$ cat entry_0.txt   # compact mmCIF, C-alpha atoms and all ligand atoms
# COMPACT_ATOMS: atom_id res chain seq x y z
CA MET A 1 88.32 -43.88 100.31
CA LYS A 2 86.95 -40.35 99.97
CA ARG A 3 84.80 -38.61 102.55
CA ILE A 4 81.81 -37.05 100.82
CA LEU A 5 79.07 -34.69 102.04
CA ILE A 6 75.70 -34.81 100.27
CA THR A 7 73.25 -32.04 101.19
CA GLY A 8 69.66 -33.04 100.45
CA GLY A 9 70.90 -36.64 100.72
CA ALA A 10 67.60 -37.97 102.07
CA GLY A 11 65.68 -36.72 99.03
CA PHE A 12 64.84 -38.56 95.84
CA ILE A 13 68.08 -37.99 93.89
CA GLY A 14 70.26 -37.59 97.00
CA SER A 15 69.33 -41.04 98.31
CA HIS A 16 70.41 -42.71 95.06
CA LEU A 17 73.66 -40.75 95.11
CA CYS A 18 74.35 -41.70 98.76
CA GLU A 19 73.77 -45.36 97.91
CA ARG A 20 75.99 -45.37 94.83
CA LEU A 21 78.88 -43.49 96.50
CA LEU A 22 78.70 -45.74 99.55
CA ASN A 23 78.65 -48.89 97.37
CA GLU A 24 81.78 -47.63 95.62
CA GLY A 25 83.69 -47.61 98.91
CA ASN A 26 83.37 -43.98 100.02
CA GLU A 27 82.45 -42.56 103.40
CA VAL A 28 79.18 -40.65 103.00
CA ILE A 29 77.68 -37.95 105.21
CA CYS A 30 74.03 -37.31 104.34
CA LEU A 31 72.79 -33.90 105.51
CA ASP A 32 69.08 -33.06 105.32
CA ASN A 33 66.36 -31.08 107.10
CA TYR A 34 63.68 -33.58 105.91
CA PHE A 35 61.50 -30.89 104.33
CA THR A 36 60.76 -33.07 101.29
CA GLY A 37 63.15 -35.93 101.96
CA SER A 38 62.68 -38.79 104.37
CA LYS A 39 64.72 -41.14 106.52
CA LYS A 40 62.86 -43.95 104.75
CA ASN A 41 64.87 -43.19 101.60
CA ILE A 42 68.19 -43.95 103.29
CA VAL A 43 67.20 -46.29 106.13
CA HIS A 44 68.77 -49.25 104.28
CA LEU A 45 72.15 -47.48 104.42
CA LEU A 46 72.16 -46.84 108.18
CA ASP A 47 73.82 -50.15 109.08
CA SER A 48 76.97 -49.19 107.20
CA PRO A 49 79.77 -47.84 109.42
CA TYR A 50 80.71 -45.57 106.53
CA PHE A 51 77.32 -43.81 106.41
CA GLU A 52 76.37 -40.90 108.66
CA LEU A 53 73.12 -39.00 108.88
CA VAL A 54 72.97 -35.34 109.99
CA ARG A 55 69.80 -33.31 110.56
CA HIS A 56 70.75 -29.82 109.52
CA ASP A 57 69.43 -26.93 107.45
CA VAL A 58 71.83 -25.58 104.80
CA THR A 59 70.69 -22.02 105.46
CA SER A 60 72.92 -22.24 108.58
CA PRO A 61 76.67 -22.83 108.26
CA TYR A 62 77.93 -26.37 108.76
CA PHE A 63 81.51 -27.43 109.49
CA ILE A 64 83.06 -30.77 108.62
CA GLU A 65 86.22 -32.09 106.93
CA VAL A 66 85.39 -33.73 103.60
CA ASP A 67 86.98 -34.17 100.17
CA GLU A 68 83.86 -33.52 98.10
CA ILE A 69 80.47 -31.84 98.54
CA TYR A 70 77.39 -32.49 96.42
CA ASN A 71 74.95 -29.63 97.10
CA LEU A 72 71.48 -31.00 96.37
CA ALA A 73 69.49 -29.47 99.22
CA CYS A 74 66.44 -27.69 97.78
CA PRO A 75 62.84 -28.76 97.20
CA ALA A 76 62.47 -29.57 93.50
CA SER A 77 58.75 -30.04 92.90
CA PRO A 78 56.82 -26.84 92.02
CA VAL A 79 54.21 -27.67 94.69
CA HIS A 80 56.87 -27.92 97.39
CA TYR A 81 59.13 -25.07 96.35
CA GLN A 82 56.12 -22.72 96.07
CA TYR A 83 54.86 -23.70 99.55
CA ASN A 84 57.34 -21.32 101.22
CA PRO A 85 59.01 -19.34 98.41
CA ILE A 86 61.16 -17.21 100.72
CA LYS A 87 62.58 -20.35 102.34
CA THR A 88 63.21 -21.84 98.88
CA ILE A 89 65.31 -18.91 97.71
CA LYS A 90 67.13 -18.82 101.07
CA THR A 91 67.93 -22.51 100.70
CA SER A 92 69.42 -21.98 97.25
CA VAL A 93 71.32 -18.77 97.97
CA MET A 94 72.37 -19.16 101.62
CA GLY A 95 72.88 -22.90 101.09
CA ALA A 96 75.26 -22.11 98.22
CA ILE A 97 77.14 -19.49 100.28
CA ASN A 98 77.48 -21.88 103.23
CA MET A 99 78.67 -24.81 101.12
CA LEU A 100 81.05 -22.64 99.08
CA GLY A 101 82.45 -21.13 102.29
CA LEU A 102 82.99 -24.62 103.66
CA ALA A 103 84.61 -25.81 100.41
CA LYS A 104 86.91 -22.78 100.41
CA ARG A 105 87.98 -23.36 104.00
CA ILE A 106 88.67 -27.08 103.68
CA LYS A 107 89.74 -27.01 99.99
CA ALA A 108 87.04 -29.47 98.94
CA LYS A 109 85.48 -29.84 95.50
CA VAL A 110 81.85 -28.70 95.46
CA LEU A 111 79.15 -29.61 92.94
CA GLN A 112 75.94 -27.64 92.54
CA ALA A 113 72.72 -29.38 91.48
CA SER A 114 71.43 -26.68 89.16
CA THR A 115 68.47 -27.09 86.87
CA SER A 116 66.98 -26.74 83.41
CA GLU A 117 64.79 -24.04 85.03
CA ILE A 118 67.78 -21.76 84.45
CA TYR A 119 66.40 -21.60 80.87
CA GLY A 120 62.86 -20.67 82.05
CA ASP A 121 60.37 -20.90 79.18
CA PRO A 122 63.07 -21.31 76.54
CA LYS A 123 63.03 -19.55 73.19
CA ILE A 124 65.88 -21.72 71.91
CA HIS A 125 65.32 -25.42 71.40
CA PRO A 126 67.00 -27.71 72.39
CA GLN A 127 68.77 -25.77 75.14
CA PRO A 128 72.61 -25.50 75.04
CA GLU A 129 74.53 -24.25 78.08
CA SER A 130 75.33 -21.02 76.22
CA TYR A 131 71.62 -20.00 76.24
CA TRP A 132 70.91 -17.43 78.98
CA GLY A 133 67.26 -18.32 79.34
CA ASN A 134 63.89 -16.61 79.48
CA VAL A 135 62.96 -16.35 83.14
CA ASN A 136 60.25 -14.34 84.91
CA PRO A 137 61.90 -12.75 87.99
CA ILE A 138 58.59 -12.12 89.82
CA GLY A 139 56.41 -15.15 89.07
CA LEU A 140 55.41 -18.23 91.05
CA ARG A 141 58.42 -20.20 89.83
CA SER A 142 60.92 -17.37 90.42
CA CYS A 143 61.89 -18.39 93.97
CA TYR A 144 63.28 -21.61 92.52
CA ASP A 145 64.53 -20.39 89.11
CA GLU A 146 66.19 -17.20 90.34
CA GLY A 147 67.52 -18.91 93.47
CA LYS A 148 69.24 -21.51 91.31
CA ARG A 149 70.49 -18.83 88.91
CA CYS A 150 71.97 -16.85 91.80
CA ALA A 151 73.59 -20.05 93.12
CA GLU A 152 75.27 -20.53 89.71
CA THR A 153 76.56 -16.94 89.94
CA LEU A 154 77.90 -17.54 93.45
CA PHE A 155 79.63 -20.76 92.41
CA THR A 156 81.24 -19.01 89.44
CA ASP A 157 82.37 -16.05 91.57
CA TYR A 158 83.88 -18.29 94.27
CA TYR A 159 85.78 -20.05 91.48
CA HIS A 160 87.15 -16.82 89.98
CA GLN A 161 87.67 -14.89 93.20
CA ASN A 162 88.79 -17.64 95.59
CA GLY A 163 89.87 -20.52 93.37
CA VAL A 164 87.25 -22.89 94.85
CA LYS A 165 87.01 -26.10 92.82
CA ILE A 166 83.44 -25.92 91.53
CA LYS A 167 81.23 -28.06 89.29
CA ILE A 168 77.79 -27.00 88.06
CA VAL A 169 75.36 -29.47 86.49
CA ARG A 170 72.01 -28.41 85.03
CA ILE A 171 69.68 -31.31 85.70
CA PHE A 172 66.68 -31.87 83.39
CA ASN A 173 63.46 -33.60 84.57
CA THR A 174 64.53 -36.72 86.44
CA TYR A 175 62.27 -39.50 87.73
CA GLY A 176 62.54 -42.91 89.37
CA PRO A 177 61.95 -44.90 92.56
CA ARG A 178 61.81 -42.89 95.84
CA MET A 179 60.02 -39.91 94.33
CA HIS A 180 57.46 -38.96 96.96
CA PRO A 181 53.96 -40.20 95.99
CA ASN A 182 52.53 -36.72 96.82
CA ASP A 183 55.49 -34.92 95.33
CA GLY A 184 53.29 -33.24 92.70
CA ARG A 185 55.66 -33.79 89.78
CA VAL A 186 54.21 -35.19 86.61
CA VAL A 187 55.72 -38.70 86.53
CA SER A 188 54.83 -39.56 90.14
CA ASN A 189 51.39 -37.94 89.85
CA PHE A 190 50.48 -39.88 86.69
CA ILE A 191 51.76 -43.23 88.00
CA VAL A 192 49.98 -42.89 91.36
CA GLN A 193 46.76 -41.79 89.63
CA ALA A 194 46.95 -44.62 87.08
CA LEU A 195 47.63 -47.31 89.70
CA GLN A 196 44.55 -46.15 91.62
CA ASN A 197 42.41 -45.84 88.44
CA LYS A 198 41.88 -42.17 89.30
CA ASP A 199 41.66 -39.35 86.75
CA ILE A 200 44.99 -38.37 85.19
CA THR A 201 45.41 -34.61 85.66
CA ILE A 202 46.73 -32.93 82.52
CA TYR A 203 47.60 -29.29 83.10
CA GLY A 204 46.78 -27.17 80.05
CA ASP A 205 46.18 -29.06 76.80
CA GLY A 206 49.10 -31.45 77.39
CA THR A 207 51.04 -30.34 74.32
CA GLN A 208 53.87 -28.90 76.46
CA THR A 209 56.97 -31.11 76.34
CA ARG A 210 59.56 -32.43 78.78
CA SER A 211 62.55 -34.77 78.33
CA PHE A 212 62.58 -37.37 81.09
CA GLN A 213 65.77 -38.85 82.51
CA TYR A 214 65.94 -41.96 84.69
CA VAL A 215 67.70 -41.33 88.01
CA ASP A 216 70.54 -43.87 87.51
CA ASP A 217 71.66 -42.05 84.34
CA LEU A 218 71.74 -38.77 86.25
CA VAL A 219 73.75 -40.21 89.14
CA GLU A 220 76.31 -41.58 86.69
CA GLY A 221 76.51 -38.17 84.99
CA ILE A 222 76.99 -36.13 88.16
CA MET A 223 79.60 -38.52 89.54
CA ARG A 224 81.53 -38.28 86.27
CA MET A 225 81.27 -34.48 86.50
CA MET A 226 82.77 -34.54 90.01
CA GLY A 227 85.66 -36.60 88.61
CA THR A 228 86.56 -34.16 85.81
CA ALA A 229 89.70 -32.00 85.80
CA ASP A 230 89.59 -28.83 87.91
CA SER A 231 89.39 -26.71 84.74
CA ILE A 232 85.96 -28.22 83.91
CA THR A 233 83.55 -26.18 86.01
CA GLY A 234 80.40 -26.33 83.89
CA PRO A 235 77.61 -25.61 83.67
CA VAL A 236 76.95 -28.93 81.95
CA ASN A 237 73.45 -30.11 80.99
CA ILE A 238 72.60 -33.59 82.26
CA GLY A 239 69.38 -34.97 80.84
CA ASN A 240 67.83 -37.37 78.38
CA PRO A 241 67.20 -35.63 75.04
CA ASN A 242 64.19 -37.83 74.17
CA GLU A 243 61.31 -35.38 74.30
CA PHE A 244 57.63 -36.19 74.92
CA THR A 245 54.43 -34.21 75.24
CA ILE A 246 52.66 -34.52 78.59
CA LEU A 247 49.79 -36.25 76.72
CA GLU A 248 52.22 -38.86 75.35
CA LEU A 249 53.52 -39.46 78.87
CA ALA A 250 49.96 -39.93 80.19
CA GLU A 251 49.17 -42.44 77.43
CA LYS A 252 52.35 -44.42 78.13
CA VAL A 253 51.65 -44.57 81.86
CA ILE A 254 48.04 -45.73 81.26
CA GLN A 255 49.25 -48.42 78.87
CA LEU A 256 52.07 -49.69 81.12
CA THR A 257 49.81 -49.89 84.18
CA ASN A 258 46.75 -51.30 82.30
CA SER A 259 44.84 -48.53 84.00
CA LYS A 260 41.19 -47.56 83.53
CA SER A 261 42.02 -43.92 84.30
CA LYS A 262 40.59 -41.15 82.12
CA LEU A 263 42.34 -37.90 81.23
CA VAL A 264 41.03 -34.69 82.80
CA PHE A 265 42.27 -31.25 81.80
CA LYS A 266 43.12 -28.66 84.47
CA GLU A 267 44.37 -25.09 84.28
CA LEU A 268 48.00 -24.68 83.19
CA PRO A 269 50.09 -23.26 86.08
CA GLN A 270 51.65 -19.80 85.64
CA ASP A 271 54.87 -19.68 83.58
CA ASP A 272 54.81 -23.43 82.89
CA PRO A 273 57.56 -23.90 80.25
CA SER A 274 56.12 -24.97 76.89
CA GLN A 275 59.10 -27.05 75.80
CA ARG A 276 62.27 -28.47 77.27
CA GLN A 277 65.01 -30.62 75.77
CA PRO A 278 68.69 -30.72 76.75
CA ASP A 279 71.48 -30.33 74.25
CA ILE A 280 73.93 -32.85 75.75
CA SER A 281 76.86 -32.41 73.34
CA LEU A 282 78.98 -30.81 76.07
CA ALA A 283 78.20 -33.61 78.56
CA LYS A 284 79.22 -36.24 76.00
CA LYS A 285 82.46 -34.36 75.35
CA VAL A 286 83.60 -33.67 78.91
CA LEU A 287 82.07 -36.65 80.71
CA ASN A 288 83.83 -39.40 78.77
CA ASN A 289 81.00 -40.10 76.29
CA TRP A 290 78.34 -40.10 79.00
CA GLU A 291 74.83 -40.47 77.65
CA PRO A 292 71.56 -41.74 79.10
CA LYS A 293 71.15 -45.52 78.82
CA ILE A 294 67.63 -46.03 80.18
CA GLN A 295 64.82 -44.89 77.93
CA LEU A 296 61.34 -43.88 79.04
CA ASN A 297 59.51 -47.25 78.80
CA GLU A 298 62.15 -49.10 80.81
CA GLY A 299 62.47 -46.33 83.38
CA LEU A 300 58.71 -46.06 83.78
CA GLU A 301 58.43 -49.82 84.32
CA LYS A 302 60.98 -49.65 87.17
CA THR A 303 59.25 -46.62 88.68
CA ILE A 304 55.78 -48.18 88.39
CA ALA A 305 57.09 -51.31 90.17
CA TYR A 306 58.34 -49.08 93.00
CA PHE A 307 55.03 -47.26 93.41
CA GLN A 308 53.15 -50.58 93.26
CA SER A 309 55.28 -51.76 96.19
CA ILE A 310 54.53 -48.72 98.39
CA ILE A 311 50.90 -47.87 97.58
P1 LIG B 1 63.77 -33.71 96.68
O1 LIG B 1 62.79 -32.69 97.12
O2 LIG B 1 63.37 -35.15 96.74
O3 LIG B 1 65.15 -33.57 97.48
C1 LIG B 1 65.60 -32.37 98.03
C2 LIG B 1 66.19 -32.70 99.41
O4 LIG B 1 66.70 -31.49 100.00
C3 LIG B 1 65.14 -33.23 100.39
O5 LIG B 1 65.64 -34.36 101.07
C4 LIG B 1 64.89 -32.06 101.32
O6 LIG B 1 64.43 -32.48 102.61
C5 LIG B 1 66.26 -31.41 101.35
N1 LIG B 1 66.22 -29.98 101.72
C6 LIG B 1 65.39 -29.03 101.25
N2 LIG B 1 65.66 -27.85 101.82
C7 LIG B 1 66.71 -28.06 102.67
C8 LIG B 1 67.45 -27.23 103.55
N3 LIG B 1 67.16 -25.93 103.68
N4 LIG B 1 68.45 -27.80 104.27
C9 LIG B 1 68.75 -29.11 104.16
N5 LIG B 1 68.07 -29.95 103.34
C10 LIG B 1 67.07 -29.42 102.60
O7 LIG B 1 64.18 -33.32 95.19
P2 LIG B 1 65.16 -34.04 94.15
O8 LIG B 1 64.39 -34.28 92.92
O9 LIG B 1 65.88 -35.15 94.78
O10 LIG B 1 66.18 -32.84 93.84
C11 LIG B 1 67.48 -32.79 94.37
C12 LIG B 1 68.23 -31.60 93.78
O11 LIG B 1 68.29 -31.73 92.35
C13 LIG B 1 67.55 -30.25 94.07
O12 LIG B 1 68.55 -29.30 94.33
C14 LIG B 1 66.86 -29.94 92.77
O13 LIG B 1 66.72 -28.55 92.58
C15 LIG B 1 67.78 -30.57 91.74
N6 LIG B 1 67.06 -30.89 90.50
C16 LIG B 1 66.19 -31.94 90.44
C17 LIG B 1 65.51 -32.19 89.26
C18 LIG B 1 64.55 -33.34 89.12
O14 LIG B 1 63.94 -33.48 88.06
N7 LIG B 1 64.38 -34.21 90.08
C19 LIG B 1 65.69 -31.35 88.14
C20 LIG B 1 66.56 -30.28 88.26
C21 LIG B 1 67.26 -30.07 89.43
N1 LIG B 2 51.86 -31.64 84.88
C1 LIG B 2 50.62 -32.16 84.52
N2 LIG B 2 49.91 -32.86 85.46
C2 LIG B 2 50.38 -33.08 86.72
C3 LIG B 2 51.66 -32.57 87.07
C4 LIG B 2 52.37 -31.84 86.13
O1 LIG B 2 50.15 -31.99 83.38
O2 LIG B 2 49.67 -33.74 87.51
C5 LIG B 2 52.63 -30.91 83.85
C6 LIG B 2 53.16 -29.55 84.30
O3 LIG B 2 52.20 -28.55 84.07
C7 LIG B 2 54.38 -29.41 83.42
C8 LIG B 2 54.89 -30.83 83.25
O4 LIG B 2 53.78 -31.68 83.59
O5 LIG B 2 54.02 -28.91 82.16
C9 LIG B 2 56.08 -31.18 84.15
O6 LIG B 2 55.73 -30.79 85.47
P1 LIG B 2 56.67 -31.09 86.72
O7 LIG B 2 56.03 -30.43 87.89
O8 LIG B 2 56.92 -32.54 86.80
O9 LIG B 2 58.07 -30.43 86.40
P2 LIG B 2 58.52 -29.03 85.77
O10 LIG B 2 57.33 -28.21 85.35
O11 LIG B 2 59.30 -28.37 86.86
O12 LIG B 2 59.34 -29.42 84.60
$ encode --input "entry_0.txt" --output "structure tokens"
Amino acid sequence: MKRILITGGAGFIGSHLCERLLNEGNEVICLDNYFTGSKKNIVHLLDSPYFELVRHDVTSPYFIEVDEIYNLACPASPVHYQYNPIKTIKTSVMGAINMLGLAKRIKAKVLQASTSEIYGDPKIHPQPESYWGNVNPIGLRSCYDEGKRCAETLFTDYYHQNGVKIKIVRIFNTYGPRMHPNDGRVVSNFIVQALQNKDITIYGDGTQTRSFQYVDDLVEGIMRMMGTADSITGPVNIGNPNEFTILELAEKVIQLTNSKSKLVFKELPQDDPSQRQPDISLAKKVLNNWEPKIQLNEGLEKTIAYFQSII
């Protein structure tokens, strides 16, 4: 049995990771400040004697003895991370310093939930890990993008300077049950709008693309990454390479929900990336032939069923 700390454990991805690691016989400590996460996401785990919940903010140091740390704490939806941009960058940077300091002290392995936003509005397509990205340092998305880029730098420097056992995964757009209905991200927005027969809000002309990964595939990928040899530090892209335009996503959601919703076009937010698709050759190579198993239709059906149950 390993003892594992998950920061941001009460969030969308964190709650799935807590559940999976607990089900596999580990002791899990879920740390969260509930900014975007909720106790509701992990309430079903509270009966387990091997599950512990801690209200804490990663911008302050935290001390505990664990074997592994998954550092997921950070709002991920543009609406939420732009709400208090200074807090967002503090969460990424100070959170990374605090978790790396802890890992160094207790000799734990530490995994950073990085992001495809590292690539900004990419000029290379699909995006391999070797691409340095095209990121605006002073735009609306910068607090998140640059915070995550700085966290990658910190992780790499703690590895080289202090020998901390680090793992960096770059997560591409992930969706599934337990996304917050008002989260603002495209999959949850479209499903909630379609289920209520409200207008589907397409930002821009809807020709921008994203590659959508179902949460179970991501959890499998990041757990495999944690299990790799110490020499494998990443960054490793984890995403589903099947790419769709936002218009295609809207049409699929309308069809799968039998909705009467109409499309409405709204202004495209600043610096919204025009295309995004992971090159997952490295993940396949180092993560024991990992690849996504759940494609968009199946994943959307599961996610729609979840939103139907809570709306
Ligand atoms: P989420 O907003 O549901 O979860 C983030 C969690 O972190 C929440 O529970 C929130 O309350 C907590 N948190 C935020 N600031 C904190 C702080 N200062 N201290 C302690 N807890 C804090 O988002 P998610 O989609 O589950 O994302 C989890 C991680 O994965 C994030 O680091 C995000 O950047 C990364 N990621 C997600 C995606 C995606 O598509 N979902 C893509 C790339 C990267
Ligand atoms: N988007 C949209 N309508 C919405 C929400 C998002 O058209 O109601 C678009 C958004 O402009 C972006 C894409 O969907 O081009 C994905 O947005 P999301 O916020 O989910 O993630 P990110 O931009 O961080 O990839």
$ residues_around --input "entry_0.txt" --residues "A:Ile232" --least-positions-apart "2" --cutoff "8 Å" --atoms "only C-alpha atoms" --output "PyMOL selection string"
chain A and resi 167+228-230+234+286
$ residues_near_ligand --input "entry_0.txt" --ligand "ligand LIG 1 (chain B)" --cutoff "8 Å" --atoms "only C-alpha atoms and all ligand atoms" --output "PyMOL selection string"
chain A and resi 7-15+31-38+55-59+71-77+80+87-88+90-92+95+112-117+144+148+170-175+178-180+183+213
$ atom_distance --input "entry_0.txt" --atom1 "atom CA of A:Glu220" --atom2 "atom CA of A:Ile238"
9.9 Å
$ atom_distance --input "entry_0.txt" --atom1 "atom CA of A:Leu140" --atom2 "atom CA of A:Val186"
17.6 Å
$ closest_residue --input "entry_0.txt" --among "A:Arg185, A:Lys266, A:Lys39, A:Arg3" --to "ligand LIG 2 (chain B)" --atoms "all atoms listed in the file"
A:Arg185
$ closest_residue --input "entry_0.txt" --among "A:Thr209, A:Thr153, A:Ser48, A:Ser309" --to "ligand LIG 2 (chain B)" --atoms "only C-alpha atoms and all ligand atoms"
A:Thr209
$ closest_residue --input "entry_0.txt" --among "A:Leu249, A:Ala283, A:Leu195, A:Val93" --to "A:Asp145" --atoms "only C-alpha atoms"
A:Val93
$ axis_aligned_box --input "entry_0.txt" --around "ligand LIG 2 (chain B)" --padding-each-side "4 Å" --output "lines of an AutoDock Vina configuration file"
center_x = 54.5
center_y = -31.0
center_z = 85.0
size_x = 17.7
size_y = 13.5
size_z = 13.7
$ residues_around --input "entry_0.txt" --residues "stretch 50-53 of chain A" --least-positions-apart "2" --cutoff "6 Å" --atoms "all atoms listed in the file" --output "mmCIF file with C-alpha atoms, keeping the file's coordinate frame"
data_model
loop_
_atom_site.group_PDB
_atom_site.id
_atom_site.type_symbol
_atom_site.label_atom_id
_atom_site.label_comp_id
_atom_site.auth_asym_id
_atom_site.auth_seq_id
_atom_site.Cartn_x
_atom_site.Cartn_y
_atom_site.Cartn_z
ATOM 1 C CA GLU A 27 82.450 -42.560 103.400
ATOM 2 C CA VAL A 28 79.180 -40.650 103.000
ATOM 3 C CA ILE A 29 77.680 -37.950 105.210
ATOM 4 C CA CYS A 30 74.030 -37.310 104.340
ATOM 5 C CA SER A 48 76.970 -49.190 107.200
#
$ closest_residue --input "entry_0.txt" --among "A:Arg20, A:Lys262, A:Lys302, A:Lys2" --to "A:Glu65" --atoms "only C-alpha atoms"
A:Lys2
$ residues_around --input "entry_0.txt" --residues "A:Thr207" --least-positions-apart "4" --cutoff "8 Å" --atoms "all atoms listed in the file" --output "PyMOL selection string"
chain A and resi 245-247+274
$ residues_around --input "entry_0.txt" --residues "stretch 292-297 of chain A" --least-positions-apart "3" --cutoff "6 Å" --atoms "only C-alpha atoms" --output "ChimeraX atom specification"
/A:217,240,300
$ residues_around --input "entry_0.txt" --residues "A:Leu263" --least-positions-apart "6" --cutoff "8 Å" --atoms "all atoms listed in the file" --output "ChimeraX atom specification"
/A:199-202,250
$ atom_distance --input "entry_0.txt" --atom1 "atom CA of A:Pro235" --atom2 "atom CA of A:Ile138"
24.1 Å
